[in-house]
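Take a look at the structure set out below.
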Amino acid sequence: MLEAYPDNRLALILLWSFCALVLAFLMLPTLVVVPLSFSASDFLEFPPRAYSLRWYENFFGSATWMAGLRTSLILGTLTATVAVPLALLACISMNRLGGKAAATIQGVLLTPSVVPGILLAIGLFFVLAAQRLVGTLFGVLVGHVVLAIPVACIVLLPALARFDWNQVQAARSLGANWPRAIGGIIVPQLQISLLSATLMAFLTSLDESVISIFVASGQNSTLPKLMFLSLRDQIDPTIAAISTLWTVIVLVAVLIVSLRQKS
Amino acid sequence: MTVLADPALAADARRERRFFLSLSLPALFIVGLAAILPILWIIRQSFLTTAGEYTVGNYEKVLSSGLTWSALVTTLELSLATLAICILLGTPLALALASARPRVANLLMAFVMLPLWTSILVRTYGWLVLLRRDGLINSALTGSGLTAEPLPLVYNFTGTLIGMVHYMLPLFLLPVYAAMRDIDANLVRASASMGATLGQTIRTVILPLSAGGIFSGSIIVFIYTIGFFITPAVLGGGKVNPLSTRIERTLSTFQDWGSASVLGILLLILMALVGMMFLAARRLIAGHKVDTAHA
């Protein structure tokens, strides 16, 4: 766009140096954690004088961290399992209804992503407290499901818009009932988008921290909740190891989604 | 919708519509249960004493406390400062990305997206490691003799602001970048060939045409930062207390559900006010555009 200004070299060099600094600012906190996680020292040294895997051993050897990891993985799987089918049905509904009805449904489904997490968290805490369900896996699960539904819809709605609905009508006129038409025609054709939606729903749950902090407790504490509590108290290099593993897992998942969508 | 003359067909269409409507009921039900009911419950709880009796005492208590007003001020200060820095850092970055070749731009966008895909706790930890008294930045500064004493970079307003800008910048950048990429390069060329300097072109062509993107980015920044919890809770070190951390402390430390609910409602009202301000501003901008189109 700025190639119309070939003479303003100095301005362009300044602009690009500024960009390099901003990009460095964006990358810095994620990258700085990686070498620290391999440090052999108890203190923060950069670059570390000696390397070891002791913080990784610490993580995998700790019953508390392992329970948190287990809870987070179970919760992520359950969230994706519940949220994606619900999102698919809602997207079919919005796709077919169109107009005002679809806009209203979308508005309601998007509420959880607009309301501040802290409000959802304390509200859910009150509701669950009244039913004596605080600290249960169920309580965190419903919170994560409502956050994952809009994320799944963002992936599934455009995919359905490209889908040729005549195929379903053909199947219906040949005698297929609705479950058969949805399971036999829509699901196989949206396979890739459904896989992306599942991964995104899983990541949404894995990454969620505020609801977990308020609603999860004891054995059902998620990894982000444990990390938050530990960050507040001291700086434990075990968190550097967890952070590195975490980032690698998320990057692999994102890569899978983006490569799948391209092919 | 086609007009169906046959009443039997019309009844069929109505039945089908009802069926499609019913498909979204499970999702709507769970959103109602886990998002809308909780918000309503906060309103209910704000009028209850610990014994469960009706009262307006929570409101009197919270609104007469100086802590509440300082929390409101802190919330607005954090949001406005984050927004200002995002505009200052994000707009030039978006301009450079939009003027780069597509291949380069895509690669650089991957760098922008990386933090977006990193857990907020991982990033907060990274900032702690960098900004603490014995952290990397302070060791580098004192080690090289630039400063004699370590600078107070974290567990205060500065640290919280750095963390929040880092979180919001990619989200601000996305709509601005999209708007700038859509600008017709011929307009810039035309402006250059008519003798406008680079600065004039940016001011009179590029910025007005990307105002919509900057506006959307600003809404996103405001909506997110007003309720931000993790960053002030960790990087603020107890010294920076916007509404969100005040809510948490009232609930967890003081077990005062009623007051926590009132603070929650203040947060909701603040969000609604900011939302309405943005809507009004958008209408004003849209109206202005119609005026210039007629002129």
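Just so we're on the same page: first chain in the structure tokens is A, next is B, and so on; residues restart at 1 for each chain, and ligands are numbered from 1 in the order they show up.
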
How close does each residue of stretch 135-226 of chain B get to stretch 38-46 of chain A, giving the shortest atom pair and distance in Å to one decimal for every residue with an atom at most 10 Å away, counting only C-alpha atoms, sorted by chain and residue number, as JSON lines?
{"residue": "B:Gly135", "atom": "CA", "partner": "A:Leu44", "partner_atom": "CA", "distance": 7.2}
{"residue": "B:Leu136", "atom": "CA", "partner": "A:Phe46", "partner_atom": "CA", "distance": 6.8}
{"residue": "B:Ser139", "atom": "CA", "partner": "A:Phe46", "partner_atom": "CA", "distance": 9.3}
{"residue": "B:Ala140", "atom": "CA", "partner": "A:Phe46", "partner_atom": "CA", "distance": 9.7}

Can you write out the residues you just picked, keeping C-alpha atoms, as an mmCIF file, in the first residue's frame?
data_model
loop_
_atom_site.group_PDB
_atom_site.id
_atom_site.type_symbol
_atom_site.label_atom_id
_atom_site.label_comp_id
_atom_site.auth_asym_id
_atom_site.auth_seq_id
_atom_site.Cartn_x
_atom_site.Cartn_y
_atom_site.Cartn_z
ATOM 1 C CA GLY B 135 13.639 -10.429 36.991
ATOM 2 C CA LEU B 136 15.367 -10.400 33.636
ATOM 3 C CA SER B 139 19.010 -7.675 36.122
ATOM 4 C CA ALA B 140 19.854 -6.439 32.631
#

For this session: Identify all chain B residues at most 6 Å from chain A by counting only C-alpha atoms; ligands do not count. Present them as a PyMOL selection string.
Result: chain B and resi 20-21+23-24+27+31+34-35+38-39+42+93+99+118-119+122-123+126-127+185+189+227+234

Exercise. Where does DSSP see helix (DSSP H, G or I) in stretch 28-266 of chain B, if you list the residues as a ChimeraX atom specification?
Worked result: /B:28-45,57-63,66-99,102-116,120-131,136-143,157-181,185-193,198-209,211-226,230-235,243-252,257-266

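In this structure, atom CA of B:Thr124 sits 28.6 Å away from atom CA of B:Ser259.
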
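For B:Leu67, the list of residues within 10 Å, based on only C-alpha atoms and with local chain neighbours fewer than 4 positions off taken out, reads Val62, Leu63, Ala71, Leu72, Val73, Asn241, Pro242, Leu243 and Arg246 of chain B.
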
Keeping only N, CA and C atoms, write those residues as a PDB file, in the first residue's frame.
ATOM      1  N   VAL B  62     -22.090  -0.659  50.066  1.00  0.00           N
ATOM      2  CA  VAL B  62     -21.116  -0.620  48.974  1.00  0.00           C
ATOM      3  C   VAL B  62     -20.966   0.798  48.417  1.00  0.00           C
ATOM      4  N   LEU B  63     -22.113   1.488  48.238  1.00  0.00           N
ATOM      5  CA  LEU B  63     -22.049   2.809  47.595  1.00  0.00           C
ATOM      6  C   LEU B  63     -21.454   3.866  48.521  1.00  0.00           C
ATOM      7  N   ALA B  71     -12.244   1.691  43.236  1.00  0.00           N
ATOM      8  CA  ALA B  71     -12.232   0.543  42.323  1.00  0.00           C
ATOM      9  C   ALA B  71     -12.788   0.948  40.962  1.00  0.00           C
ATOM     10  N   LEU B  72     -13.870   1.753  40.969  1.00  0.00           N
ATOM     11  CA  LEU B  72     -14.448   2.236  39.709  1.00  0.00           C
ATOM     12  C   LEU B  72     -13.421   3.055  38.935  1.00  0.00           C
ATOM     13  N   VAL B  73     -12.740   3.962  39.656  1.00  0.00           N
ATOM     14  CA  VAL B  73     -11.743   4.813  38.998  1.00  0.00           C
ATOM     15  C   VAL B  73     -10.618   3.954  38.426  1.00  0.00           C
ATOM     16  N   ASN B 241      -6.596  -2.482  42.420  1.00  0.00           N
ATOM     17  CA  ASN B 241      -7.869  -3.150  42.663  1.00  0.00           C
ATOM     18  C   ASN B 241      -9.013  -2.567  41.866  1.00  0.00           C
ATOM     19  N   PRO B 242      -9.202  -3.046  40.616  1.00  0.00           N
ATOM     20  CA  PRO B 242     -10.396  -2.676  39.870  1.00  0.00           C
ATOM     21  C   PRO B 242     -11.597  -3.432  40.442  1.00  0.00           C
ATOM     22  N   LEU B 243     -12.792  -3.218  39.875  1.00  0.00           N
ATOM     23  CA  LEU B 243     -14.007  -3.867  40.379  1.00  0.00           C
ATOM     24  C   LEU B 243     -13.841  -5.386  40.466  1.00  0.00           C
ATOM     25  N   ARG B 246     -11.887  -6.522  43.457  1.00  0.00           N
ATOM     26  CA  ARG B 246     -12.669  -6.127  44.635  1.00  0.00           C
ATOM     27  C   ARG B 246     -13.813  -7.136  44.843  1.00  0.00           C
TER      28      ARG B 246
END
